[in-house]
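Chemist: If it helps, the file is called protein.cif and holds mmCIF, C-alpha atoms (C1' of nucleotides):
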```cif
data_entry
loop_
_atom_site.label_atom_id
_atom_site.label_comp_id
_atom_site.auth_asym_id
_atom_site.auth_seq_id
_atom_site.Cartn_x
_atom_site.Cartn_y
_atom_site.Cartn_z
CA MET A 260 0.98 -23.82 -36.56
CA SER A 261 -1.48 -22.94 -33.87
CA ARG A 262 -4.49 -20.97 -32.85
CA THR A 263 -4.40 -17.20 -33.38
CA ARG A 264 -4.07 -14.93 -30.37
CA VAL A 265 -7.08 -13.02 -29.18
CA LEU A 266 -5.05 -11.49 -26.35
CA ASP A 267 -3.11 -8.47 -27.54
CA ILE A 268 -0.06 -8.47 -25.26
CA ASP A 269 0.84 -4.81 -25.68
CA LYS A 270 -2.71 -3.69 -25.14
CA ALA A 271 -3.00 -5.99 -22.13
CA VAL A 272 0.14 -4.53 -20.55
CA HIS A 273 -1.27 -1.05 -21.08
CA THR A 274 -4.56 -2.10 -19.49
CA ALA A 275 -2.73 -3.60 -16.55
CA MET A 276 -0.63 -0.45 -16.19
CA ASN A 277 -3.77 1.62 -15.79
CA LEU A 278 -5.15 -0.74 -13.15
CA PHE A 279 -1.93 -1.01 -11.16
CA TRP A 280 -1.47 2.75 -11.41
CA ARG A 281 -4.95 3.59 -10.17
CA LYS A 282 -5.57 0.83 -7.66
CA GLY A 283 -2.19 -0.55 -6.72
CA TYR A 284 -0.81 -4.04 -7.05
CA ASP A 285 -2.63 -5.68 -4.15
CA GLN A 286 -6.03 -4.15 -4.85
CA THR A 287 -5.91 -5.24 -8.47
CA SER A 288 -7.11 -8.83 -8.50
CA LEU A 289 -6.51 -11.39 -11.17
CA ALA A 290 -10.24 -11.51 -11.73
CA GLU A 291 -10.20 -7.83 -12.63
CA LEU A 292 -7.08 -8.10 -14.76
CA THR A 293 -8.44 -11.00 -16.81
CA ALA A 294 -11.87 -9.38 -17.11
CA GLU A 295 -10.38 -6.13 -18.45
CA MET A 296 -8.17 -8.06 -20.82
CA GLY A 297 -11.12 -10.13 -22.00
CA VAL A 298 -9.54 -13.51 -21.36
CA THR A 299 -9.71 -16.33 -18.83
CA PRO A 300 -6.98 -17.06 -16.27
CA PRO A 301 -5.21 -19.78 -18.28
CA SER A 302 -4.66 -17.38 -21.17
CA PHE A 303 -3.35 -14.83 -18.74
CA TYR A 304 -0.89 -17.30 -17.27
CA PHE A 305 0.13 -18.58 -20.64
CA ALA A 306 1.01 -15.02 -21.64
CA PHE A 307 2.42 -13.60 -18.42
CA ALA A 308 3.32 -16.54 -16.17
CA SER A 309 2.25 -14.71 -12.99
CA LYS A 310 0.82 -11.51 -11.59
CA ASP A 311 4.29 -10.60 -10.29
CA ASN A 312 5.80 -11.02 -13.68
CA LEU A 313 3.14 -8.91 -15.37
CA PHE A 314 3.73 -6.18 -12.81
CA ARG A 315 7.44 -6.20 -13.61
CA LYS A 316 6.63 -5.81 -17.29
CA VAL A 317 4.27 -2.97 -16.44
CA VAL A 318 6.91 -1.17 -14.38
CA ASP A 319 9.41 -1.45 -17.23
CA TYR A 320 6.82 -0.20 -19.70
CA TYR A 321 5.93 2.67 -17.41
CA ALA A 322 9.51 3.67 -16.72
CA SER A 323 10.49 3.81 -20.36
CA ASN A 324 7.33 5.58 -21.50
CA TYR A 325 6.62 7.93 -18.62
CA LEU A 326 9.85 8.41 -16.69
CA ALA A 327 12.24 8.81 -19.59
CA PHE A 328 12.99 12.34 -18.38
CA MET A 329 14.89 10.85 -15.45
CA ASN A 330 17.55 9.50 -17.76
CA GLU A 331 17.52 12.54 -19.99
CA ALA A 332 18.01 14.74 -16.96
CA LEU A 333 21.36 13.14 -16.20
CA LEU A 334 22.64 14.31 -19.57
CA LYS A 335 21.86 18.00 -19.08
CA PRO A 336 24.87 20.34 -19.10
CA THR A 337 24.44 21.91 -15.66
CA ALA A 338 23.39 20.60 -12.27
CA ARG A 339 20.63 23.17 -12.17
CA LYS A 340 19.30 21.95 -15.51
CA VAL A 341 19.36 18.42 -14.12
CA ALA A 342 17.25 19.55 -11.19
CA GLU A 343 14.87 21.51 -13.39
CA THR A 344 14.42 18.65 -15.80
CA ILE A 345 13.61 16.24 -13.00
CA LEU A 346 11.24 18.53 -11.15
CA PHE A 347 9.29 19.67 -14.19
CA GLY A 348 9.47 16.17 -15.64
CA CYS A 349 7.68 14.97 -12.52
CA VAL A 350 5.14 17.74 -12.82
CA GLU A 351 4.25 16.58 -16.30
CA ALA A 352 4.46 12.85 -15.67
CA TYR A 353 2.29 12.98 -12.57
CA THR A 354 -0.47 15.08 -14.12
CA ARG A 355 -0.90 13.79 -17.66
CA SER A 356 -4.48 14.15 -18.75
CA GLY A 357 -6.17 10.86 -19.46
CA MET A 358 -3.73 9.07 -17.16
CA PRO A 359 -4.11 8.35 -13.47
CA PRO A 360 -2.67 11.10 -11.28
CA GLY A 361 0.58 10.56 -9.42
CA CYS A 362 3.25 7.98 -10.05
CA LEU A 363 2.73 4.28 -10.70
CA ILE A 364 5.88 3.49 -8.75
CA VAL A 365 5.03 5.62 -5.74
CA ASN A 366 1.42 4.48 -5.86
CA ASN A 367 2.72 0.97 -5.67
CA SER A 368 4.94 1.68 -2.86
CA MET A 369 1.45 2.90 -1.81
CA PRO A 370 -2.04 1.99 -3.04
CA CYS A 371 -5.21 3.89 -2.15
CA ALA A 372 -6.16 6.06 -5.14
CA ASP A 373 -9.84 5.14 -5.47
CA ASP A 374 -9.30 2.60 -2.76
CA ALA A 375 -12.11 0.40 -1.61
CA LEU A 376 -10.95 0.68 1.99
CA GLU A 377 -12.81 3.41 3.83
CA ILE A 378 -9.86 3.85 6.18
CA ARG A 379 -7.62 5.13 3.44
CA ARG A 380 -10.24 7.59 2.33
CA GLU A 381 -10.33 8.85 5.88
CA LEU A 382 -6.56 9.24 5.90
CA SER A 383 -6.84 11.17 2.66
CA GLN A 384 -9.43 13.48 4.20
CA ALA A 385 -7.17 13.98 7.20
CA ARG A 386 -4.40 15.07 4.83
CA ASP A 387 -6.75 17.65 3.35
CA VAL A 388 -7.65 18.96 6.80
CA ARG A 389 -3.97 19.44 7.57
CA PHE A 390 -3.47 21.30 4.32
CA LYS A 391 -6.36 23.67 5.02
CA GLN A 392 -5.19 24.34 8.54
CA LEU A 393 -1.80 25.31 7.22
CA ARG A 394 -3.22 27.44 4.45
CA LYS A 395 -5.35 29.32 6.93
CA ARG A 396 -2.36 29.88 9.15
CA PHE A 397 -0.41 31.36 6.24
CA ARG A 398 -3.35 33.50 5.14
CA ASP A 399 -3.41 34.95 8.61
CA ALA A 400 0.35 35.48 8.47
CA LYS A 401 0.01 37.28 5.16
CA ALA A 402 -2.78 39.47 6.52
CA ALA A 403 -0.55 40.28 9.48
CA GLY A 404 2.30 41.30 7.21
CA ASP A 405 4.38 38.32 8.33
CA LEU A 406 4.48 36.99 4.77
CA PRO A 407 5.12 39.04 1.60
CA ILE A 408 2.10 40.55 -0.09
CA ASP A 409 2.77 38.51 -3.24
CA SER A 410 3.13 35.19 -1.44
CA ASP A 411 0.59 32.40 -1.93
CA PRO A 412 -0.55 30.72 1.31
CA ALA A 413 -1.90 27.67 -0.50
CA GLU A 414 1.35 27.25 -2.36
CA LEU A 415 3.43 27.45 0.81
CA ALA A 416 1.16 24.99 2.57
CA ARG A 417 1.39 22.52 -0.27
CA TYR A 418 5.15 22.98 -0.44
CA LEU A 419 5.44 21.95 3.19
CA MET A 420 3.04 19.03 2.85
CA SER A 421 4.93 17.80 -0.15
CA LEU A 422 8.23 17.93 1.76
CA ARG A 423 6.57 16.03 4.57
CA TRP A 424 5.57 13.11 2.33
CA GLY A 425 8.96 13.15 0.68
CA MET A 426 10.83 13.02 3.95
CA ALA A 427 8.58 10.25 5.24
CA ILE A 428 9.37 8.09 2.26
CA GLU A 429 13.07 8.89 2.43
CA ALA A 430 13.09 7.97 6.10
CA GLN A 431 11.34 4.72 5.44
CA SER A 432 13.79 3.81 2.72
CA GLY A 433 16.77 4.37 4.96
CA ALA A 434 17.59 8.08 5.21
CA THR A 435 19.15 9.08 8.52
CA ARG A 436 18.06 11.91 10.76
CA ARG A 437 20.95 14.01 9.49
CA ASP A 438 19.83 13.33 5.92
CA LEU A 439 16.37 14.63 6.72
CA GLU A 440 17.73 17.65 8.56
CA LYS A 441 19.61 18.64 5.45
CA ILE A 442 16.45 18.36 3.38
CA ALA A 443 14.63 20.56 5.87
CA GLU A 444 17.43 23.12 5.91
CA ARG A 445 17.62 23.18 2.14
CA ALA A 446 13.85 23.55 1.84
CA LEU A 447 13.85 26.49 4.22
CA GLN A 448 16.27 28.37 2.00
CA ALA A 449 13.37 28.76 -0.41
CA TRP A 450 11.12 30.21 2.25
CA PRO A 451 9.98 33.79 1.55
CA ALA A 452 11.84 36.44 3.54
CA MET B 43 -18.83 -8.67 38.26
CA SER B 44 -16.90 -10.59 35.69
CA ARG B 45 -13.68 -12.15 34.70
CA THR B 46 -10.52 -10.01 34.91
CA ARG B 47 -8.91 -8.83 31.69
CA VAL B 48 -5.71 -10.42 30.54
CA LEU B 49 -5.65 -8.17 27.47
CA ASP B 50 -4.13 -4.79 28.28
CA ILE B 51 -5.90 -2.45 25.87
CA ASP B 52 -3.30 0.32 25.90
CA LYS B 53 -0.46 -2.10 25.46
CA ALA B 54 -2.34 -3.86 22.69
CA VAL B 55 -2.90 -0.58 20.82
CA HIS B 56 0.80 0.16 21.11
CA THR B 57 1.65 -3.29 19.81
CA ALA B 58 -0.74 -2.83 16.91
CA MET B 59 0.72 0.59 16.17
CA ASN B 60 4.15 -0.94 15.77
CA LEU B 61 2.85 -3.60 13.41
CA PHE B 62 0.76 -1.24 11.28
CA TRP B 63 3.65 1.20 11.18
CA ARG B 64 6.21 -1.35 10.05
CA LYS B 65 4.14 -3.59 7.83
CA GLY B 66 1.08 -1.60 6.84
CA TYR B 67 -2.57 -2.32 7.39
CA ASP B 68 -3.05 -4.98 4.74
CA GLN B 69 0.09 -6.91 5.49
CA THR B 70 -0.70 -7.09 9.19
CA SER B 71 -3.04 -10.05 9.59
CA LEU B 72 -5.40 -10.70 12.43
CA ALA B 73 -3.45 -13.83 13.20
CA GLU B 74 -0.35 -11.71 13.76
CA LEU B 75 -2.20 -9.07 15.76
CA THR B 76 -3.79 -11.59 18.11
CA ALA B 77 -0.55 -13.54 18.45
CA GLU B 78 1.42 -10.42 19.43
CA MET B 79 -1.31 -9.41 21.84
CA GLY B 80 -1.38 -12.89 23.34
CA VAL B 81 -5.10 -13.46 22.91
CA THR B 82 -7.46 -15.36 20.65
CA PRO B 83 -9.67 -13.72 18.02
CA PRO B 84 -12.85 -13.52 20.13
CA SER B 85 -11.03 -11.50 22.79
CA PHE B 86 -9.71 -9.25 20.09
CA TYR B 87 -13.17 -8.66 18.69
CA PHE B 88 -14.67 -8.19 22.12
CA ALA B 89 -12.13 -5.45 22.76
CA PHE B 90 -11.84 -3.78 19.34
CA ALA B 91 -14.89 -4.83 17.30
CA SER B 92 -12.90 -5.02 14.07
CA LYS B 93 -9.51 -4.61 12.47
CA ASP B 94 -10.69 -1.35 10.91
CA ASN B 95 -11.73 0.01 14.24
CA LEU B 96 -8.45 -0.90 15.88
CA PHE B 97 -6.60 0.83 13.08
CA ARG B 98 -8.60 3.98 13.67
CA LYS B 99 -7.68 3.84 17.34
CA VAL B 100 -4.05 3.34 16.38
CA VAL B 101 -4.07 6.33 14.06
CA ASP B 102 -5.55 8.53 16.79
CA TYR B 103 -2.98 7.26 19.25
CA TYR B 104 -0.18 7.85 16.79
CA ALA B 105 -1.34 11.33 15.83
CA SER B 106 -1.60 12.56 19.40
CA ASN B 107 1.65 10.96 20.55
CA TYR B 108 3.89 11.39 17.51
CA LEU B 109 2.43 14.19 15.38
CA ALA B 110 1.59 16.64 18.13
CA PHE B 111 4.08 19.06 16.59
CA MET B 112 1.68 19.61 13.71
CA ASN B 113 -0.82 21.31 15.99
CA GLU B 114 1.86 23.10 17.97
CA ALA B 115 3.30 24.45 14.75
CA LEU B 116 0.11 26.32 13.95
CA LEU B 117 0.52 28.31 17.16
CA LYS B 118 4.01 29.60 16.39
CA PRO B 119 4.33 33.39 16.09
CA THR B 120 5.74 33.58 12.56
CA ALA B 121 5.06 31.71 9.34
CA ARG B 122 8.71 30.79 9.16
CA LYS B 123 8.56 29.32 12.65
CA VAL B 124 5.53 27.33 11.55
CA ALA B 125 7.48 25.92 8.64
CA GLU B 126 10.52 25.18 10.77
CA THR B 127 8.47 23.45 13.44
CA ILE B 128 6.77 21.24 10.88
CA LEU B 129 9.90 20.35 8.97
CA PHE B 130 12.06 19.58 11.98
CA GLY B 131 9.10 17.96 13.71
CA CYS B 132 8.94 15.55 10.79
CA VAL B 133 12.66 14.96 10.99
CA GLU B 134 12.32 13.88 14.59
CA ALA B 135 9.05 11.98 14.26
CA TYR B 136 10.22 9.98 11.26
CA THR B 137 13.54 8.94 12.76
CA ARG B 138 12.86 8.19 16.42
CA SER B 139 15.16 5.50 17.65
CA GLY B 140 13.36 2.37 18.73
CA MET B 141 10.44 3.23 16.48
CA PRO B 142 9.89 2.20 12.87
CA PRO B 143 11.32 4.71 10.38
CA GLY B 144 8.98 6.95 8.42
CA CYS B 145 5.40 7.85 9.14
CA LEU B 146 2.62 5.46 10.12
CA ILE B 147 0.15 7.51 8.10
CA VAL B 148 2.26 7.70 4.97
CA ASN B 149 3.28 4.08 5.35
CA ASN B 150 -0.39 3.25 5.38
CA SER B 151 -1.14 5.27 2.43
CA MET B 152 1.73 2.95 1.45
CA PRO B 153 2.88 -0.38 2.93
CA CYS B 154 6.13 -2.12 2.07
CA ALA B 155 8.58 -1.44 4.91
CA ASP B 156 9.94 -4.95 5.46
CA ASP B 157 7.42 -6.15 2.94
CA ALA B 158 7.13 -9.79 2.12
CA LEU B 159 6.54 -8.98 -1.54
CA GLU B 160 9.74 -9.18 -3.52
CA ILE B 161 8.36 -6.70 -6.04
CA ARG B 162 8.33 -3.89 -3.53
CA ARG B 163 11.88 -4.65 -2.53
CA GLU B 164 12.81 -4.35 -6.17
CA LEU B 165 11.08 -0.98 -6.39
CA SER B 166 13.00 0.08 -3.32
CA GLN B 167 16.27 -0.96 -4.93
CA ALA B 168 15.32 0.96 -8.07
CA ARG B 169 14.84 4.07 -5.93
CA ASP B 170 18.35 3.61 -4.59
CA VAL B 171 19.77 3.28 -8.07
CA ARG B 172 18.14 6.57 -9.07
CA PHE B 173 19.58 8.24 -6.01
CA LYS B 174 23.08 7.04 -6.76
CA GLN B 175 22.86 8.10 -10.39
CA LEU B 176 21.89 11.58 -9.29
CA ARG B 177 24.57 11.76 -6.65
CA LYS B 178 27.19 10.79 -9.17
CA ARG B 179 25.92 13.42 -11.60
CA PHE B 180 26.23 16.09 -8.91
CA ARG B 181 29.67 14.86 -7.86
CA ASP B 182 30.75 15.32 -11.44
CA ALA B 183 29.14 18.76 -11.50
CA LYS B 184 31.01 19.73 -8.36
CA ALA B 185 34.28 18.47 -9.77
CA ALA B 186 33.61 20.53 -12.89
CA GLY B 187 33.01 23.66 -10.85
CA ASP B 188 29.34 23.69 -11.81
CA LEU B 189 28.33 23.34 -8.15
CA PRO B 190 29.87 25.26 -5.21
CA ILE B 191 32.85 23.69 -3.49
CA ASP B 192 30.92 23.41 -0.22
CA SER B 193 27.86 21.77 -1.76
CA ASP B 194 26.93 18.18 -0.92
CA PRO B 195 26.01 16.04 -3.95
CA ALA B 196 24.28 13.42 -1.81
CA GLU B 197 22.23 16.07 -0.08
CA LEU B 198 21.11 17.65 -3.33
CA ALA B 199 20.22 14.27 -4.77
CA ARG B 200 18.17 13.36 -1.75
CA TYR B 201 16.51 16.75 -1.79
CA LEU B 202 15.30 16.14 -5.32
CA MET B 203 14.19 12.59 -4.63
CA SER B 204 12.27 13.75 -1.63
CA LEU B 205 10.49 16.40 -3.68
CA ARG B 206 9.69 13.77 -6.24
CA TRP B 207 7.89 11.54 -3.73
CA GLY B 208 6.15 14.52 -2.24
CA MET B 209 4.87 15.74 -5.58
CA ALA B 210 3.71 12.26 -6.52
CA ILE B 211 1.61 12.00 -3.41
CA GLU B 212 0.25 15.51 -3.82
CA ALA B 213 -0.71 14.73 -7.39
CA GLN B 214 -2.45 11.56 -6.38
CA SER B 215 -4.42 13.34 -3.71
CA GLY B 216 -5.69 15.96 -6.11
CA ALA B 217 -3.03 18.61 -6.70
CA THR B 218 -3.19 20.18 -10.17
CA ARG B 219 -0.34 20.60 -12.58
CA ARG B 220 -0.10 24.27 -11.65
CA ASP B 221 0.11 23.27 -7.97
CA LEU B 222 3.06 21.01 -8.71
CA GLU B 223 4.75 23.63 -10.88
CA LYS B 224 4.69 25.98 -7.93
CA ILE B 225 6.27 23.37 -5.71
CA ALA B 226 9.00 22.85 -8.29
CA GLU B 227 9.61 26.58 -8.67
CA ARG B 228 9.74 27.07 -4.94
CA ALA B 229 12.11 24.15 -4.50
CA LEU B 230 14.46 25.55 -7.13
CA GLN B 231 14.82 28.77 -5.18
CA ALA B 232 16.83 26.76 -2.67
CA TRP B 233 19.16 25.45 -5.36
CA PRO B 234 22.81 26.49 -4.89
CA ALA B 235 23.92 29.29 -7.20
"C1'" DG C 164 -23.23 -20.90 47.39
"C1'" DT C 165 -25.80 -19.25 43.60
"C1'" DT C 166 -26.40 -16.03 40.07
"C1'" DT C 167 -24.74 -12.93 36.53
"C1'" DA C 168 -22.21 -11.28 32.96
"C1'" DA C 169 -17.69 -9.84 31.38
"C1'" DA C 170 -13.81 -12.01 29.27
"C1'" DT C 171 -11.81 -15.69 27.39
"C1'" DA C 172 -11.07 -20.26 24.26
"C1'" DT C 173 -12.31 -23.92 20.58
"C1'" DA C 174 -13.34 -24.64 16.26
"C1'" DG C 175 -14.53 -23.37 11.90
"C1'" DC C 176 -17.49 -20.55 8.41
"C1'" DG C 177 -17.72 -18.04 4.17
"C1'" DT C 178 -15.15 -15.53 0.99
"C1'" DT C 179 -11.52 -14.18 -1.89
"C1'" DC C 180 -7.21 -14.83 -3.50
"C1'" DG C 181 -3.50 -16.43 -6.94
"C1'" DC C 182 -3.15 -20.12 -9.61
"C1'" DT C 183 -3.74 -24.77 -12.28
"C1'" DA C 184 -5.21 -29.68 -13.85
"C1'" DT C 185 -7.72 -30.88 -17.61
"C1'" DA C 186 -10.01 -30.51 -21.76
"C1'" DT C 187 -11.12 -28.07 -26.03
"C1'" DT C 188 -10.58 -25.08 -29.99
"C1'" DT C 189 -7.98 -23.58 -34.10
"C1'" DA C 190 -4.66 -22.51 -37.51
"C1'" DA C 191 -0.62 -24.04 -39.94
"C1'" DA C 192 2.36 -28.15 -41.59
"C1'" DG C 193 2.61 -32.50 -43.80
"C1'" DC D 275 -7.68 -34.84 -44.10
"C1'" DT D 276 -4.65 -35.83 -40.44
"C1'" DT D 277 -1.30 -34.29 -37.25
"C1'" DT D 278 0.62 -30.93 -34.15
"C1'" DA D 279 0.94 -27.59 -30.84
"C1'" DA D 280 -0.18 -22.88 -29.63
"C1'" DA D 281 -3.93 -20.58 -27.45
"C1'" DT D 282 -8.00 -20.70 -25.31
"C1'" DA D 283 -12.08 -22.26 -21.82
"C1'" DT D 284 -14.27 -24.97 -17.78
"C1'" DA D 285 -14.03 -25.86 -13.37
"C1'" DG D 286 -12.08 -25.82 -9.09
"C1'" DC D 287 -7.92 -26.45 -5.69
"C1'" DG D 288 -5.48 -25.05 -1.56
"C1'" DA D 289 -4.39 -21.41 1.32
"C1'" DA D 290 -5.13 -17.23 3.77
"C1'" DC D 291 -8.11 -13.89 5.10
"C1'" DG D 292 -11.46 -11.35 8.47
"C1'" DC D 293 -14.59 -12.75 11.45
"C1'" DT D 294 -18.07 -15.51 14.53
"C1'" DA D 295 -21.34 -19.23 16.61
"C1'" DT D 296 -20.83 -21.60 20.59
"C1'" DA D 297 -19.10 -22.94 24.84
"C1'" DT D 298 -16.29 -22.14 28.93
"C1'" DT D 299 -13.93 -19.71 32.61
"C1'" DT D 300 -13.92 -16.32 36.40
"C1'" DA D 301 -14.62 -12.54 39.45
"C1'" DA D 302 -17.98 -9.66 41.68
"C1'" DA D 303 -23.06 -9.15 43.52
"C1'" DC D 304 -26.49 -10.95 46.33
#
```
What does the file become when written as structure tokens?
Modeler:
Amino acid sequence: MSRTRVLDIDKAVHTAMNLFWRKGYDQTSLAELTAEMGVTPPSFYFAFASKDNLFRKVVDYYASNYLAFMNEALLKPTARKVAETILFGCVEAYTRSGMPPGCLIVNNSMPCADDALEIRRELSQARDVRFKQLRKRFRDAKAAGDLPIDSDPAELARYLMSLRWGMAIEAQSGATRRDLEKIAERALQAWPA
Amino acid sequence: MSRTRVLDIDKAVHTAMNLFWRKGYDQTSLAELTAEMGVTPPSFYFAFASKDNLFRKVVDYYASNYLAFMNEALLKPTARKVAETILFGCVEAYTRSGMPPGCLIVNNSMPCADDALEIRRELSQARDVRFKQLRKRFRDAKAAGDLPIDSDPAELARYLMSLRWGMAIEAQSGATRRDLEKIAERALQAWPA
DNA sequence: GTTTAAATATAGCGTTCGCTATATTTAAAG
DNA sequence: CTTTAAATATAGCGAACGCTATATTTAAAC
């Protein structure tokens, strides 16, 4: 006994997911959310109560549709299969074509994707410089016979960079120095002879 | 031929570094910066021109004082030494006592530390849940003889989580699916037999 | 002492933000 | 048709933000 909805909730959540994924929570304004949804703020608030609440819905939606492998992994028969499922699950989830790269959760522990702030673009460039420095160093090492002939300098450089980001986040969320040392030691076991 | 400074530039940069490190660029307001520095906004702007510009100074300061190992690493004689220097350099840099945990750069590709936003705290809790699920799974595996008797379920869980964050950031900054696959494959080489 | 300009303080501008008081439309129920 | 309430739109509030126009203090130069 009322007016018919023009706001499709499911579609709106999906739209919001894309925005939050690409731009991060803070950089996605209500103006942009409502514009993309094709409604005015009161409709938005009638449907979602608050930006916070919508974000929670989005995270749930994302987790069940894009991170399902995390739960499936726990059911695998061997520990190694668990690890494989998680790692290759991430590979797929973070690089789905048509979807923003990376992880909505991580991106919203950290914004910046196509960030408006020039500073973050500069940080991103600095990351790339580091990567290229490392790659060059490992190319030289390979040329000098210090790395196997079949090793891939770019791959090794990216492996290290990736561990760096991972350790930084672990540290920030409470890992101790000993915890990080173990990660480093473990990672080095995969280093080419 | 002028008034003497009350604002100590070096000290102010250090103060700002701590704030940006802990809270992130966005969540650190000018009001907080000027309050901690003990000056009013015009003094701040006379000294630093803008918040952006101060942040740049802070990043430079941080990189040369806390990430010097990255440059030193490139000079090491072997590729393995390069890797070791970087990994253990991170361990130290990200867990210095008296300093905020984690990395100022990564934290400012991602805020949240003691973030005011409840949402981010929830995300952080969700991370912890994932970690504990994994640890439990690996404890079970160890009990079942599927993992070596000397293996550490918590360490393996954290290793995987860390790789997850790392891959997410790599993906977001442009790594391809093949790039991530290589990281995953490399990481699995360190998995206990 | 007067001048000069570097360094500070007072007060507030202009913008954007998340959000809402209020009013209006619209479909079903009677 | 009228009533009812769900769903929308208009218009704008209050707060926080980065930043600044303007005025004042203060040490060195002459």
Chemist: Select residues of chain B: the criterion is any atom within 8 Å of an atom of chain D, counting all atoms listed in the file; output as a CSV table (one decimal) with C-alpha atoms, keeping the file's coordinate frame.
Modeler:
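Below you can see part.csv, which holds the result:
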```csv
chain,number,residue,atom,x,y,z
B,43,MET,CA,-18.8,-8.7,38.3
B,44,SER,CA,-16.9,-10.6,35.7
B,45,ARG,CA,-13.7,-12.2,34.7
B,46,THR,CA,-10.5,-10.0,34.9
B,71,SER,CA,-3.0,-10.0,9.6
B,72,LEU,CA,-5.4,-10.7,12.4
B,84,PRO,CA,-12.8,-13.5,20.1
```
Chemist: Once the PyMOL selection byres ((chain C) within 6 of (chain A)) has been applied to the shown file, what residues remain in the selection, as a ChimeraX atom specification?
Modeler: /C:189-191
Chemist: Could you state the separation of atom CA of Arg181 of chain B and atom CA of Pro195 of chain B in Å, given to one decimal place?
Modeler: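 Distance reported for this atom pair: 5.5 Å.
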Chemist: What are the residues of chain B lining chain A at 6 Å or less? Count only C-alpha atoms, and put the answer as a list of chain:residue names.
Modeler: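 On the chain B side, the interface is B:Leu129, B:Val133, B:Thr137, B:Pro143, B:Gly144, B:Cys145, B:Ser151, B:Met152, B:Pro153, B:Tyr201, B:Ser204, B:Leu205, B:Trp207, B:Gly208, B:Met209, B:Ala210, B:Ala213, B:Gln214, B:Arg219, B:Leu222, B:Ile225, B:Ala226, B:Gln231, B:Ala232.
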Chemist: Quote the spacing between atom CA of Thr293 of chain A and atom CA of Ala271 of chain A in Å to one decimal place.
Modeler: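 Pair atom CA of Thr293 of chain A / atom CA of Ala271 of chain A returns 9.1 Å.
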Chemist: Can you pull segment 172-186 of chain C out of that block with C-alpha atoms (C1' of nucleotides) and hand it back as a PDB file, in the first residue's frame?
Modeler:
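Here's the written file out27.pdb:
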```pdb
ATOM      1  C1'  DA C 172      48.092  35.584  16.643  1.00  0.00           C
ATOM      2  C1'  DT C 173      42.924  36.682  15.909  1.00  0.00           C
ATOM      3  C1'  DA C 174      39.218  35.687  13.565  1.00  0.00           C
ATOM      4  C1'  DG C 175      36.794  33.667  10.088  1.00  0.00           C
ATOM      5  C1'  DC C 176      36.066  32.386   4.917  1.00  0.00           C
ATOM      6  C1'  DG C 177      34.542  29.082   1.583  1.00  0.00           C
ATOM      7  C1'  DT C 178      33.789  24.411   0.801  1.00  0.00           C
ATOM      8  C1'  DT C 179      32.494  19.817   1.518  1.00  0.00           C
ATOM      9  C1'  DC C 180      30.817  16.502   4.304  1.00  0.00           C
ATOM     10  C1'  DG C 181      27.142  13.236   6.303  1.00  0.00           C
ATOM     11  C1'  DC C 182      22.701  13.766   7.211  1.00  0.00           C
ATOM     12  C1'  DT C 183      17.631  15.478   7.897  1.00  0.00           C
ATOM     13  C1'  DA C 184      13.215  18.442   8.563  1.00  0.00           C
ATOM     14  C1'  DT C 185       9.626  18.982   5.608  1.00  0.00           C
ATOM     15  C1'  DA C 186       6.782  18.310   1.865  1.00  0.00           C
TER      16       DA C 186
END
```
